[in-house]
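Worksheet: the structure to be examined is printed underneath.
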Amino acid sequence: MLSEATLQKIDREIAKYPAEQKQSAVMAALRLAQQEKGWLAPETIAFVARYLGMAEMAVYEVATFYNMYDLAPVGKYKITVCTNLPCALSGGVHAADYLKQKLGIDFNETTPDGKFTLKEGECMGACGDAPVMLVNNVHMRCFMTPEEIDRLLAECE
Amino acid sequence: MLNIEIDGKPLQVEPGTTVFEAARSAGIYIPHFCYHKKLSIAANCRMCLVQVEKAPKPMPACATVVTEGMKVFTHSPLAAKAQRDVMEFLLINHPLDCPICDQGGECQLQDLAVGYGGSHARFQEEKRVVTNKDLGPLVATDMTRCINCTRCVRFTQEIAGYMELGQAYRGDRAEIMPFLGKTLDSELSGNVIDLCPVGALTSKPFRFAARTWELSRRKSISPHDGLGSNLVVQVLHDKVKRVLPLENEAINECWLSDKERFSYEALNGEERLTRPMVKQGGQWREVDWNVALDYASHALRDIARDHGADALGALVSPHATLEEMALTAKLMRGLGSDNIDFRLRQSDFSLDGQRSGTPWLGMRIAELGALDRVLVVGSFLRKDHPLIAQRLRQSAKKGAQVSLLHSADDELFIKLFAKAIAAPAQLPALFAEVVKAVAELKNAPLDAGFEKVGAGETARSIAASLVSGTNVGILLGNFAQQHPQAATLHRLAQQLAGLLGAKFGFLGEAANSVGGYVAGTAPRQGGLNAARLVAEPRRAYLLLGVEPELDCADGAAALAALRQAASVIVLSPFKSQAALDYADCLLPVAPFTETSGSFVNTEGRAQSFYAVCKPLGETRPAWKVLRVLGNLLELAGFEHESSEQVRDEVLGGKPEFVAGLDNAVTPGTFDFIAASPGLQRIADVPIYFADPLVRRAPSLQSTHDAVAPTARMNAATLTKLGLTAGEKVKVGAGGAACHLVAELDAGVPDDCVRIAAAHASTVAVGPLFGTLTLERA
Amino acid sequence: MAILDSINPTLTAGWHRPDVRDLARDTGWRLKDYEARGGYQALKKLFAEKMTPEQVIAEVKTSVLRGRGGAGFPTGLKWSFMPKNAAGEKYIVCNTDEGEPGTFKDRDIMRLDPHAVIEGMIIAGYAMGAQRGYNYIHGEIFELYQRFEEALEEARAAGYLGRNILGSGFDFELFAHHGWGAYICGEETALLESIEGKKGQPRYKPPFPANVGLYGCPTTINNTESLASIPYIIRHGGQAFLDLGKPNNGGTKLFSVSGHVNKPGNYEVPLGTPFAKLLEMAGGMRGGRKLKAVIPGGSSAPVLPADIIMDCTLDYDSIAKAGSMLGSGAVIVMDETVCMVKALERLSWFYYEESCGQCTPCREGTGWLYKMIHRIEHGQGRAEDLDLLDDVAKNIMGRTICALGDAAALPVISFVKHFRDEFAYHIEHKRCLVPPEVQRAGSTFHTRLMAGATC
Ligand SMILES: Cc1cc2nc3c(=O)[nH]c(=O)nc-3n(C[C@H](O)[C@H](O)[C@H](O)COP(=O)(O)O)c2cc1C
Ligand code: SF4
Ligand code: FES
């Protein structure tokens, strides 16, 4: 279900916690599973549950509680823009509008070619660098002026 | 003891008590939704906010622990306002559809809204709508009504033992649901209906059947497993509409298993026998009672006269009432026959005549919770005894070490200390290992037969656990009681209990597994027991509430015996196709809801109940039918005017617990050499096949627990037999054969095949235990 | 990269100020750099001088370091709550789940000085007899989670972590755990639930984590900045730290300045520094426009109008006296182009979005608040809405398990209180008191206006 490489990474996470607390690795395991599969399909969630000896519903609770898990397929590049107040004061909403216009999609939509998905994010703890956006959950991009956004989109293959 | 004051009332309470409990003990009601005395404290609904002196903010009574000198005000302006405000929040997104809600009339939200709700809605926005979930055939949902108290979620986690429900998403998008594509499959699932304080989770079978206030509530006793759960049966126009638990901390606490809750559906089903019937010249006729009774009495009398009383046999359901059992026994003995038994699935009767008293649980049910070490032997515990399993689950969570010896590794949702799984024929030897290991630890001598036993690692660790306990219990399950070496298992338990100073006993299979002995429904003067009544066919049979092809240890043989009999007289609430085939007289007798009677539960508690509604059609209470039969046969001692008189005659009054409970048996020799017996059958009696009532409950029959039996084997056995899972196989025992699908089940030991019993599709497989042939079909 | 500037630096002294946006090109955060600027000296000193755990806690108490996570609870006092001689495991947990809108200081600490956090946690472990620690890192700064893992490897290799640290006989293991998009996990008990592999729903207290924390064991949770301040306190003494600030408000603190200033960024200044000074350090108001309002302690703190904040000094007591909270030290600066209704609408959305959903008042109330403000903003307000807003907010306050309920209510109450006219104008005129051209003039906030939408 998940590749050997991913399972090894999950095992490394499990090792961080006391032996009887495997469940603690669930957030990392879901992240890694999502990274491999692109999104968290029900069978992926069920697999993680079995792997960690958890009830499926307990894993599903986690997968639905935290915003960065994708419970439906997303584009190759998921761009999450912070529009919270501090960012908005320095162009966060503007940057999001620019992206919407460029990609021709709204928040929570994916471009027809399946390349980009746009999400509205909450405070990423980088308000001083606004506008801020996150690419595929893990790469933060700061000071996203229209030119920077153009560059970002060009970099995305 | 701490001194506190609630609403000006001085109180003394134990340290650790919550404000809520303290108030309740003083008779002060605090409104609440998420709090439930059997569940962990969530403190999420915030309805129970009260004022505590010196605290700046209102405190949740359910989660606030009292301190010395604490002064609590549950109705002060501050508390009342907090409660009113919370109620407003609860109602803003709640649909006001009480008139069409099944919970109407018994809704905590509705009740409290009257007392605490505001008069006009300040919330002008659109209300939230939540999609419904498919929880299976028993629990209906209306999730828009859900107030997210999470009682149901905590129930599945904590009481049922597996988190089948959860709260997905967050904020006001939070939804109570099962995992995607899953339903609520716990054998305790119906309790979430009782727990849900609003109408989000309701009974699917009961849906829209009646408004609660139209129903009359009557007490009764569950007729299923040996627990004897206390019931509230709700009736409208002489029809049972719903069954709820009657709280009894000593027995079922506030719970019911789904079997107990939903089996009532069978009471109004198609297969109810409502008029006496007699078969003449191969044709069934509905007749008047006097004709039928006349027929039955003549049949019995004539056969006894022509062929001797020994030609008669009676099989009595262990779910029959004490009174019915006693009168059947009296009738048979009056006719001169001791051929009577209720231990239908038992196969080893070698202890008859060697018992000191009536076998029973060996302790009170409530004492189970105090055991710190438990050894369960031969039990499909969770499905055979859902609420006893629940008690042991709680014990295990509190640190009790529960171990299991069995022939199937089913998920119990109990944190087991250890388990050892072996083929049925090896079970006594496995048990002997534990006894031997304990004897070694205790440096105690053992009876002959143990010399060759060598304890393995698991047996040693179980032994070490048992020896370290101060309150040890050994429990023999249905499987152990049905086992062909049940006597050996019994003696091993006795020996082990002796070594440990432990209690030991039996998990009663049926509502009257103890009562059957008390009522004298087993042979007393050398009559034929249940197995011999089948193996040595009689000319006439009297069947009380029994479907022998499904209820006996060897259904195929039972069917053959009945088919060859000259007369089979059936007293039953149901007419089955099988009975129409082998019987010649069907007498419609009342199910438990339509008669008075008593059950003696597994702890020996005698519980009497009244009929909750009038018998259906021409149905009569069986005790009355038997009394009239006794009169017609001109037998002495059939003058009872009421079932109470029968009971008093049997029990010598109305004791709380019956006398003579004793598991001791005379010591015997042990022989554990298990021959290599080929492919062994493991037969479970699935929870919803177990008795005639559940078999006919449509909703229960649509659950996962009621799927048709398969031939379950582990991977090694499948490979050995050259089979793959999913293939059709032919299972044979003796001459007959049946066709099943092979299924992979890692929990089955090597060289065994698990085939459920008590189902029409597996009758031909024959006995519950023994060897089988199995080949690709 | 955010700008860093400081007066009397303790945390940021020697930080390598990056002028690049690319994390990969950051320098100065590695172990050798940290050691070069005196890193791990505190730990060495503690072992060399054989300081007892009690002495360590006493130093921290003397410093009057107040928790930098928001509540400002004295760290030394918190440490003293941990049971002494309890059998079994104890845990130190660092809260790097920085998600309070406006706050971005912990990110810089993690970026430029991860070893300071590690050293602080080891010292905390020693002081409280804990042998295991976790640092819970905001999911959105995942790259810094990875950097922290690298720093942990360095520390392990150098013998700062693991068994018998520096030959002292003290064992301490430290691991990183990441969040994945839930503000509530910044709340300490939600954070513990999250480490335990559950959803981040806060626990009812009591019992407090010091008694029943991670995996049911005694646990102390501190903010990243609090823990990163510990090495300085141990090296230079609690008194030196206290003297940097003012009585009851020890030390310097990082202030995250965002919004309408010329140089948004983190500024380390002594507690007690006048707000005006911070504003000046941050380059003053963008475009020279007029200051309208400031949220001085992260979005959960009540907003203060310009005239009030200009009179404040930046310390826990002064801001509290002015009717707000120093909180996490996130200073959100708003100029005259801001529509306060729109600003509140965005914040209310945030709390609605982030409520964990367990308590009735927060679950239901945050949505109610947002929906009302949204209506007002979109010209559908009703006359009675302002009192209702205030009332609903107050009905959430103090009735919930965690402080998110209060955090959602306080902005509403304070915005409506200080800018009632603006709200009333919206309701009455179905448009904004701040004329469109003013909104357009400087702020990039109101781009929807450019497309012709009304505010
Ligand atoms: C809703 C909510 C969010 C919080 N977010 C954070 C946070 O992001 N970072 C943090 O350090 N503390 C946060 N806190 C405070 C923590 O609960 C806790 O008080 C703090 O981590 C303690 O550390 P300190 O004593 O060093 O300040 C939050 C509290 C609440 C109620
Ligand atoms: S106040 Fe809100 S966020 Fe906090 S526990 Fe309650 S519902 Fe969750
Ligand atoms: S009953 Fe106390 S908060 Fe729900």
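Chain lettering (A, B, ...) mirrors the order of the structure tokens, residue numbering begins at 1 for each chain separately, and ligand numbering begins at 1 in order of display.
The protein and nucleic acid residues lying at most 8 Å from Val753 (chain B) are Leu679, Gln680, Arg681, Ile682, Ala711, Arg712, Met713 and Val748 of chain B, with only C-alpha atoms considered and sequence neighbours fewer than 3 positions away removed.
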Check the DSSP output for the backbone and give back, as a PyMOL selection string, the residues of region 370-405 of chain B in strand (DSSP E). chain B and resi 373-377+401-405
What residues of the protein or nucleic acid chains come within 6 Å of ligand 1 when you use only C-alpha atoms and all ligand atoms? Reply as a CSV table (one decimal) with C-alpha atoms, in the first residue's frame.
```
chain,number,residue,atom,x,y,z
C,67,GLY,CA,6.0,33.0,29.5
C,68,ARG,CA,6.4,34.3,26.0
C,69,GLY,CA,3.6,32.1,24.6
C,70,GLY,CA,0.9,34.6,25.5
C,71,ALA,CA,-0.3,34.2,29.1
C,72,GLY,CA,2.8,35.7,30.6
C,73,PHE,CA,2.9,33.3,33.5
C,75,THR,CA,8.3,30.5,34.0
C,95,ASN,CA,5.5,25.0,22.1
C,96,THR,CA,6.6,26.1,18.6
C,97,ASP,CA,3.1,25.9,17.2
C,98,GLU,CA,3.2,29.6,16.6
C,99,GLY,CA,-0.1,30.4,14.8
C,100,GLU,CA,-1.5,33.4,16.6
C,184,ILE,CA,-5.7,25.3,18.5
C,186,GLY,CA,-0.9,26.1,20.3
C,187,GLU,CA,-3.0,25.7,23.3
C,188,GLU,CA,-0.9,23.5,25.6
C,221,ILE,CA,5.1,23.2,28.4
C,222,ASN,CA,6.9,26.4,27.5
C,223,ASN,CA,7.0,28.7,24.5
C,226,SER,CA,10.8,31.4,26.9
C,402,CYS,CA,-9.8,26.6,26.7
C,403,ALA,CA,-9.0,30.2,26.1
C,404,LEU,CA,-9.9,30.2,22.4
```
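The closest residue to Cys87 (chain A), picked from C:Gly133, C:Pro218, C:Met334, C:Thr189 and counting only C-alpha atoms, is C:Met334.
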Using only C-alpha atoms and all ligand atoms, which residues have at least one atom no more than 6 Å from ligand 3? Output them as a list of chain:residue names. B:His32, B:Phe33, B:Cys34, B:Tyr35, B:Ala43, B:Asn44, B:Cys45, B:Arg46, B:Met47, B:Cys48, B:Pro60, B:Ala61, B:Cys62
Can I get the selection written as a CSV table (one decimal), in the first residue's frame, with all heavy atoms?
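For reference, again_39.csv as written:
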```csv
chain,number,residue,atom,x,y,z
B,32,HIS,N,-27.6,18.9,32.1
B,32,HIS,CA,-26.4,18.4,31.5
B,32,HIS,C,-26.7,17.6,30.3
B,32,HIS,O,-27.8,17.1,30.1
B,32,HIS,CB,-25.6,17.5,32.5
B,32,HIS,CG,-26.4,16.2,32.9
B,32,HIS,ND1,-27.4,16.3,33.8
B,32,HIS,CD2,-26.4,15.0,32.4
B,32,HIS,CE1,-28.0,15.1,33.9
B,32,HIS,NE2,-27.4,14.3,33.1
B,33,PHE,N,-25.7,17.5,29.4
B,33,PHE,CA,-25.9,16.6,28.2
B,33,PHE,C,-24.7,15.7,28.0
B,33,PHE,O,-24.9,14.5,27.7
B,33,PHE,CB,-26.0,17.5,26.9
B,33,PHE,CG,-27.3,18.3,26.9
B,33,PHE,CD1,-27.2,19.7,27.1
B,33,PHE,CD2,-28.5,17.7,26.7
B,33,PHE,CE1,-28.4,20.4,27.1
B,33,PHE,CE2,-29.6,18.4,26.7
B,33,PHE,CZ,-29.6,19.8,26.9
B,34,CYS,N,-23.5,16.2,28.1
B,34,CYS,CA,-22.4,15.3,27.8
B,34,CYS,C,-22.0,14.4,28.9
B,34,CYS,O,-21.5,13.3,28.7
B,34,CYS,CB,-21.1,16.1,27.4
B,34,CYS,SG,-20.4,17.1,28.7
B,35,TYR,N,-22.3,14.7,30.2
B,35,TYR,CA,-22.0,13.9,31.3
B,35,TYR,C,-22.8,12.6,31.3
B,35,TYR,O,-24.0,12.6,31.0
B,35,TYR,CB,-22.3,14.7,32.6
B,35,TYR,CG,-22.2,13.8,33.8
B,35,TYR,CD1,-21.0,13.6,34.4
B,35,TYR,CD2,-23.3,13.1,34.4
B,35,TYR,CE1,-20.8,12.7,35.5
B,35,TYR,CE2,-23.2,12.3,35.5
B,35,TYR,CZ,-22.0,12.1,36.0
B,35,TYR,OH,-21.8,11.3,37.1
B,43,ALA,N,-16.9,17.3,29.6
B,43,ALA,CA,-17.1,18.7,29.9
B,43,ALA,C,-17.2,19.6,28.7
B,43,ALA,O,-16.8,20.7,28.8
B,43,ALA,CB,-16.0,19.2,30.9
B,44,ASN,N,-17.8,19.0,27.6
B,44,ASN,CA,-17.8,19.8,26.4
B,44,ASN,C,-19.2,20.6,26.2
B,44,ASN,O,-19.2,21.5,25.5
B,44,ASN,CB,-17.4,19.0,25.2
B,44,ASN,CG,-18.4,17.8,25.0
B,44,ASN,OD1,-19.5,17.9,25.4
B,44,ASN,ND2,-17.8,16.8,24.4
B,45,CYS,N,-20.2,20.1,26.8
B,45,CYS,CA,-21.5,20.7,26.4
B,45,CYS,C,-21.7,22.0,27.2
B,45,CYS,O,-22.4,22.9,26.7
B,45,CYS,CB,-22.7,19.7,26.7
B,45,CYS,SG,-23.2,19.6,28.4
B,46,ARG,N,-21.1,22.1,28.3
B,46,ARG,CA,-21.1,23.3,29.2
B,46,ARG,C,-22.5,23.6,29.7
B,46,ARG,O,-22.7,24.8,30.2
B,46,ARG,CB,-20.6,24.6,28.4
B,46,ARG,CG,-19.4,24.3,27.5
B,46,ARG,CD,-18.2,23.7,28.3
B,46,ARG,NE,-17.5,24.5,29.2
B,46,ARG,CZ,-16.5,24.1,30.0
B,46,ARG,NH1,-16.1,22.9,30.0
B,46,ARG,NH2,-15.9,24.9,30.8
B,47,MET,N,-23.4,22.7,29.7
B,47,MET,CA,-24.7,22.9,30.2
B,47,MET,C,-24.7,22.9,31.7
B,47,MET,O,-25.6,23.5,32.3
B,47,MET,CB,-25.7,21.8,29.7
B,47,MET,CG,-27.1,22.1,29.9
B,47,MET,SD,-27.6,23.6,29.0
B,47,MET,CE,-28.9,24.2,30.1
B,48,CYS,N,-23.8,22.3,32.3
B,48,CYS,CA,-23.8,22.1,33.8
B,48,CYS,C,-23.1,23.2,34.5
B,48,CYS,O,-22.8,23.0,35.7
B,48,CYS,CB,-23.2,20.7,34.1
B,48,CYS,SG,-21.5,20.6,33.8
B,60,PRO,N,-18.0,24.0,35.3
B,60,PRO,CA,-18.7,22.8,34.9
B,60,PRO,C,-18.8,21.9,36.0
B,60,PRO,O,-17.8,21.3,36.5
B,60,PRO,CB,-18.0,22.2,33.7
B,60,PRO,CG,-16.6,22.7,33.9
B,60,PRO,CD,-16.6,24.0,34.6
B,61,ALA,N,-20.0,21.6,36.5
B,61,ALA,CA,-20.2,20.8,37.7
B,61,ALA,C,-19.7,19.4,37.4
B,61,ALA,O,-19.2,18.7,38.3
B,61,ALA,CB,-21.7,20.7,38.1
B,62,CYS,N,-19.8,18.9,36.2
B,62,CYS,CA,-19.4,17.5,35.9
B,62,CYS,C,-17.9,17.3,36.0
B,62,CYS,O,-17.5,16.2,36.3
B,62,CYS,CB,-19.9,17.1,34.5
B,62,CYS,SG,-19.0,18.0,33.2
```
Let me have all residues with an atom within 9 Å of ligand 2, counting only C-alpha atoms and all ligand atoms, laid out as a ChimeraX atom specification. /B:44,170-171 /C:183-184,187,190,200-204,351-352,354-364,366,396-408
Quick one: contact table of chain B to chain A, 12 Å max, nearest atom pair and distance in Å to one decimal per residue, counting only C-alpha atoms, chain and number order, as CSV?
```
residue,atom,partner,partner_atom,distance
B:Val153,CA,A:Met57,CA,10.0
B:Arg154,CA,A:Ala58,CA,11.8
B:Thr156,CA,A:Met57,CA,10.9
B:Gln157,CA,A:Ala55,CA,9.4
B:Gly161,CA,A:Ala55,CA,10.4
B:Tyr162,CA,A:Ala55,CA,7.0
B:Met163,CA,A:Ala55,CA,6.0
B:Glu164,CA,A:Met57,CA,6.4
B:Leu165,CA,A:Met57,CA,6.5
B:Gly166,CA,A:Met57,CA,5.8
B:Gln167,CA,A:Glu61,CA,6.2
B:Ala168,CA,A:Glu61,CA,4.6
B:Tyr169,CA,A:Thr64,CA,4.7
B:Arg170,CA,A:Phe65,CA,5.7
B:Gly171,CA,A:Phe65,CA,9.2
B:Asp172,CA,A:Phe65,CA,11.9
B:Arg173,CA,A:Phe65,CA,10.0
B:Ala174,CA,A:Phe65,CA,8.9
B:Glu175,CA,A:Glu61,CA,9.8
B:Ile176,CA,A:Glu61,CA,9.8
B:Met177,CA,A:Met57,CA,8.4
B:Pro178,CA,A:Met57,CA,6.4
B:Phe179,CA,A:Met57,CA,4.9
B:Leu180,CA,A:Pro42,CA,6.8
B:Gly181,CA,A:Pro42,CA,8.9
B:Lys182,CA,A:Met57,CA,9.5
B:Thr183,CA,A:Met57,CA,11.3
B:Leu184,CA,A:Met57,CA,11.6
B:Phe413,CA,A:Ala55,CA,11.2
```
Hey, can you spit out that residue selection with C-alpha atoms as a CSV table (one decimal), in the first residue's frame?
```csv
chain,number,residue,atom,x,y,z
B,153,VAL,CA,-18.2,8.3,20.5
B,154,ARG,CA,-17.0,7.7,24.1
B,156,THR,CA,-17.9,3.0,21.4
B,157,GLN,CA,-14.4,3.7,22.6
B,161,GLY,CA,-14.2,-1.3,23.2
B,162,TYR,CA,-13.6,-0.1,19.7
B,163,MET,CA,-13.9,3.4,18.4
B,164,GLU,CA,-16.5,2.8,15.6
B,165,LEU,CA,-17.8,6.4,15.9
B,166,GLY,CA,-15.7,9.5,16.0
B,167,GLN,CA,-16.1,13.3,15.7
B,168,ALA,CA,-14.6,14.2,12.3
B,169,TYR,CA,-13.7,17.7,11.3
B,170,ARG,CA,-13.7,20.6,13.7
B,171,GLY,CA,-15.5,23.7,14.8
B,172,ASP,CA,-19.2,23.7,13.8
B,173,ARG,CA,-18.3,21.5,10.9
B,174,ALA,CA,-17.7,18.7,13.4
B,175,GLU,CA,-19.7,15.6,12.6
B,176,ILE,CA,-20.3,12.4,14.4
B,177,MET,CA,-19.7,9.5,12.0
B,178,PRO,CA,-18.3,6.1,11.5
B,179,PHE,CA,-15.2,5.6,9.3
B,180,LEU,CA,-16.0,6.1,5.6
B,181,GLY,CA,-18.1,3.2,4.3
B,182,LYS,CA,-18.4,1.6,7.7
B,183,THR,CA,-21.4,1.0,9.8
B,184,LEU,CA,-22.0,0.5,13.5
B,413,PHE,CA,-11.7,-5.5,22.4
```
May I have all residues of region 137-292 of chain C that DSSP, computed from the backbone, assigns to alpha helix (DSSP H), given as an NGL selection string? :C and (142-157 or 188-195 or 224-236 or 238-244 or 275-281)
Pick out the residues sitting within 8 Å of Ala535 (chain B), and hand them over as a ChimeraX atom specification; count only C-alpha atoms, and ignore anything fewer than 6 positions along from it in its own chain. /B:557-558,561
For those residues, write N, CA and C atoms to a file as a compact mmCIF listing (two decimals), in the first residue's frame.
```txt
# COMPACT_ATOMS: atom_id res chain seq x y z
N ALA B 557 -28.41 -35.10 13.27
CA ALA B 557 -28.89 -36.30 13.95
C ALA B 557 -30.24 -36.02 14.60
N ALA B 558 -30.39 -34.83 15.15
CA ALA B 558 -31.66 -34.48 15.80
C ALA B 558 -32.79 -34.52 14.78
N ALA B 561 -33.70 -38.04 14.02
CA ALA B 561 -34.44 -38.66 15.11
C ALA B 561 -35.90 -38.22 15.09
```
Counting only C-alpha atoms, what is within 9 Å of region 386-391 of chain C, bar same-chain residues fewer than 6 positions away, as a PyMOL selection string? (chain B and resi 122) or (chain C and resi 368-369+372-373+409+412-413+416-417+420+423-424)
Determine, counting only C-alpha atoms, which protein, DNA and RNA residues have an atom within 12 Å of an atom of region 113-118 of chain A; residues of the same chain fewer than 5 positions away are not included. Present the result as a PyMOL selection string. chain A and resi 38+70+72-82+95-108+133-137+152-153+156-157
Which residues, written as a short mmCIF file (atom, residue, chain, number, x, y, z; two decimals) with N, CA and C atoms, in the first residue's frame, have at least one atom at most 12 Å from His236 (chain C), with only C-alpha atoms counted and residues fewer than 2 positions away on the same chain left out?
```cif
data_model
loop_
_atom_site.label_atom_id
_atom_site.label_comp_id
_atom_site.auth_asym_id
_atom_site.auth_seq_id
_atom_site.Cartn_x
_atom_site.Cartn_y
_atom_site.Cartn_z
N THR C 10 19.42 39.85 24.01
CA THR C 10 19.84 38.63 24.69
C THR C 10 19.66 37.47 23.72
N GLY C 38 28.99 31.52 22.06
CA GLY C 38 28.79 31.24 23.49
C GLY C 38 27.72 30.22 23.76
N GLN C 41 27.30 27.25 26.64
CA GLN C 41 28.08 27.64 27.81
C GLN C 41 27.24 27.53 29.08
N ALA C 42 25.98 27.85 28.94
CA ALA C 42 25.11 27.79 30.12
C ALA C 42 25.04 26.37 30.64
N LYS C 45 28.28 25.49 32.21
CA LYS C 45 28.43 26.18 33.49
C LYS C 45 27.63 25.45 34.57
N LEU C 46 26.42 25.11 34.19
CA LEU C 46 25.53 24.44 35.13
C LEU C 46 26.16 23.15 35.65
N GLU C 59 17.13 30.64 39.85
CA GLU C 59 17.65 31.63 38.90
C GLU C 59 16.53 32.10 37.97
N VAL C 60 15.77 31.13 37.47
CA VAL C 60 14.70 31.46 36.52
C VAL C 60 13.64 32.30 37.23
N THR C 62 14.21 34.32 39.73
CA THR C 62 14.81 35.65 39.92
C THR C 62 14.68 36.49 38.64
N SER C 63 14.82 35.84 37.50
CA SER C 63 14.82 36.57 36.23
C SER C 63 13.47 37.20 35.92
N SER C 229 15.30 31.77 26.02
CA SER C 229 15.83 32.79 26.93
C SER C 229 16.58 32.18 28.10
N ILE C 230 16.39 30.89 28.30
CA ILE C 230 16.96 30.24 29.48
C ILE C 230 18.50 30.26 29.49
N PRO C 231 19.16 29.93 28.36
CA PRO C 231 20.62 29.92 28.41
C PRO C 231 21.21 31.26 28.91
N TYR C 232 20.64 32.37 28.45
CA TYR C 232 21.14 33.68 28.91
C TYR C 232 21.00 33.81 30.42
N ILE C 233 19.85 33.40 30.92
CA ILE C 233 19.58 33.53 32.36
C ILE C 233 20.58 32.70 33.17
N ILE C 234 20.87 31.50 32.69
CA ILE C 234 21.80 30.65 33.44
C ILE C 234 23.24 31.19 33.32
N GLY C 238 19.94 35.32 36.78
CA GLY C 238 18.56 35.78 36.67
C GLY C 238 18.46 37.29 36.85
N GLN C 239 19.29 37.82 37.75
CA GLN C 239 19.21 39.26 38.04
C GLN C 239 19.56 40.08 36.79
N ALA C 240 20.58 39.63 36.07
CA ALA C 240 20.99 40.36 34.85
C ALA C 240 19.84 40.41 33.85
N PHE C 241 19.14 39.31 33.76
CA PHE C 241 18.01 39.26 32.82
C PHE C 241 16.91 40.20 33.29
N LEU C 242 16.59 40.10 34.58
CA LEU C 242 15.54 40.96 35.13
C LEU C 242 15.89 42.42 34.89
N ASP C 243 17.15 42.76 35.12
CA ASP C 243 17.57 44.16 35.01
C ASP C 243 17.41 44.72 33.60
N LEU C 244 17.41 43.83 32.63
CA LEU C 244 17.22 44.30 31.26
C LEU C 244 15.84 44.90 31.06
N GLY C 251 13.67 41.02 31.47
CA GLY C 251 14.30 40.71 30.21
C GLY C 251 13.87 41.52 29.01
#
```
Find, counting only C-alpha atoms, the residue in C:Pro302, C:Pro247, C:Gly367, C:Pro101 that gets nearest to chain A.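 Of all the options, C:Pro101 lies closest to chain A.
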Counting only C-alpha atoms, chain C residues within 6 Å of chain A, as an mmCIF file with C-alpha atoms, in the first residue's frame:
```cif
data_model
loop_
_atom_site.group_PDB
_atom_site.id
_atom_site.type_symbol
_atom_site.label_atom_id
_atom_site.label_comp_id
_atom_site.auth_asym_id
_atom_site.auth_seq_id
_atom_site.Cartn_x
_atom_site.Cartn_y
_atom_site.Cartn_z
ATOM 1 C CA ALA C 2 11.888 39.664 8.346
ATOM 2 C CA GLU C 98 3.219 29.621 16.563
ATOM 3 C CA GLY C 99 -0.060 30.362 14.839
ATOM 4 C CA PRO C 101 -2.085 35.854 13.834
ATOM 5 C CA GLY C 102 0.600 38.496 13.950
ATOM 6 C CA THR C 103 3.153 36.343 15.727
ATOM 7 C CA PHE C 104 6.258 35.202 13.865
ATOM 8 C CA GLU C 140 3.426 25.474 8.124
ATOM 9 C CA PHE C 142 7.919 22.411 7.965
ATOM 10 C CA TRP C 180 -0.293 20.051 10.352
ATOM 11 C CA GLY C 181 -2.585 23.028 10.254
ATOM 12 C CA ALA C 182 -4.524 23.631 13.457
ATOM 13 C CA ILE C 195 1.562 14.663 20.283
ATOM 14 C CA GLU C 196 -0.401 11.685 21.536
ATOM 15 C CA GLY C 197 -1.700 11.202 18.015
ATOM 16 C CA LYS C 198 -5.179 12.586 18.478
ATOM 17 C CA LYS C 199 -6.989 15.612 17.235
ATOM 18 C CA SER C 258 3.302 43.487 11.142
ATOM 19 C CA GLY C 259 0.882 45.572 9.141
ATOM 20 C CA PRO C 264 7.711 44.792 9.408
ATOM 21 C CA GLY C 265 9.822 42.326 11.340
ATOM 22 C CA THR C 444 -3.213 46.407 -0.404
ATOM 23 C CA PHE C 445 -5.813 44.896 1.851
ATOM 24 C CA THR C 447 -8.097 44.844 -3.519
#
```
Give me the residues near Leu214 (chain C) as an MDAnalysis selection string, where near means some atom within 10 Å (using only C-alpha atoms) and where sequence neighbours in that chain fewer than 4 positions away do not count. chainID C and resid 89:93 134 189 191:196 209:210 218:221
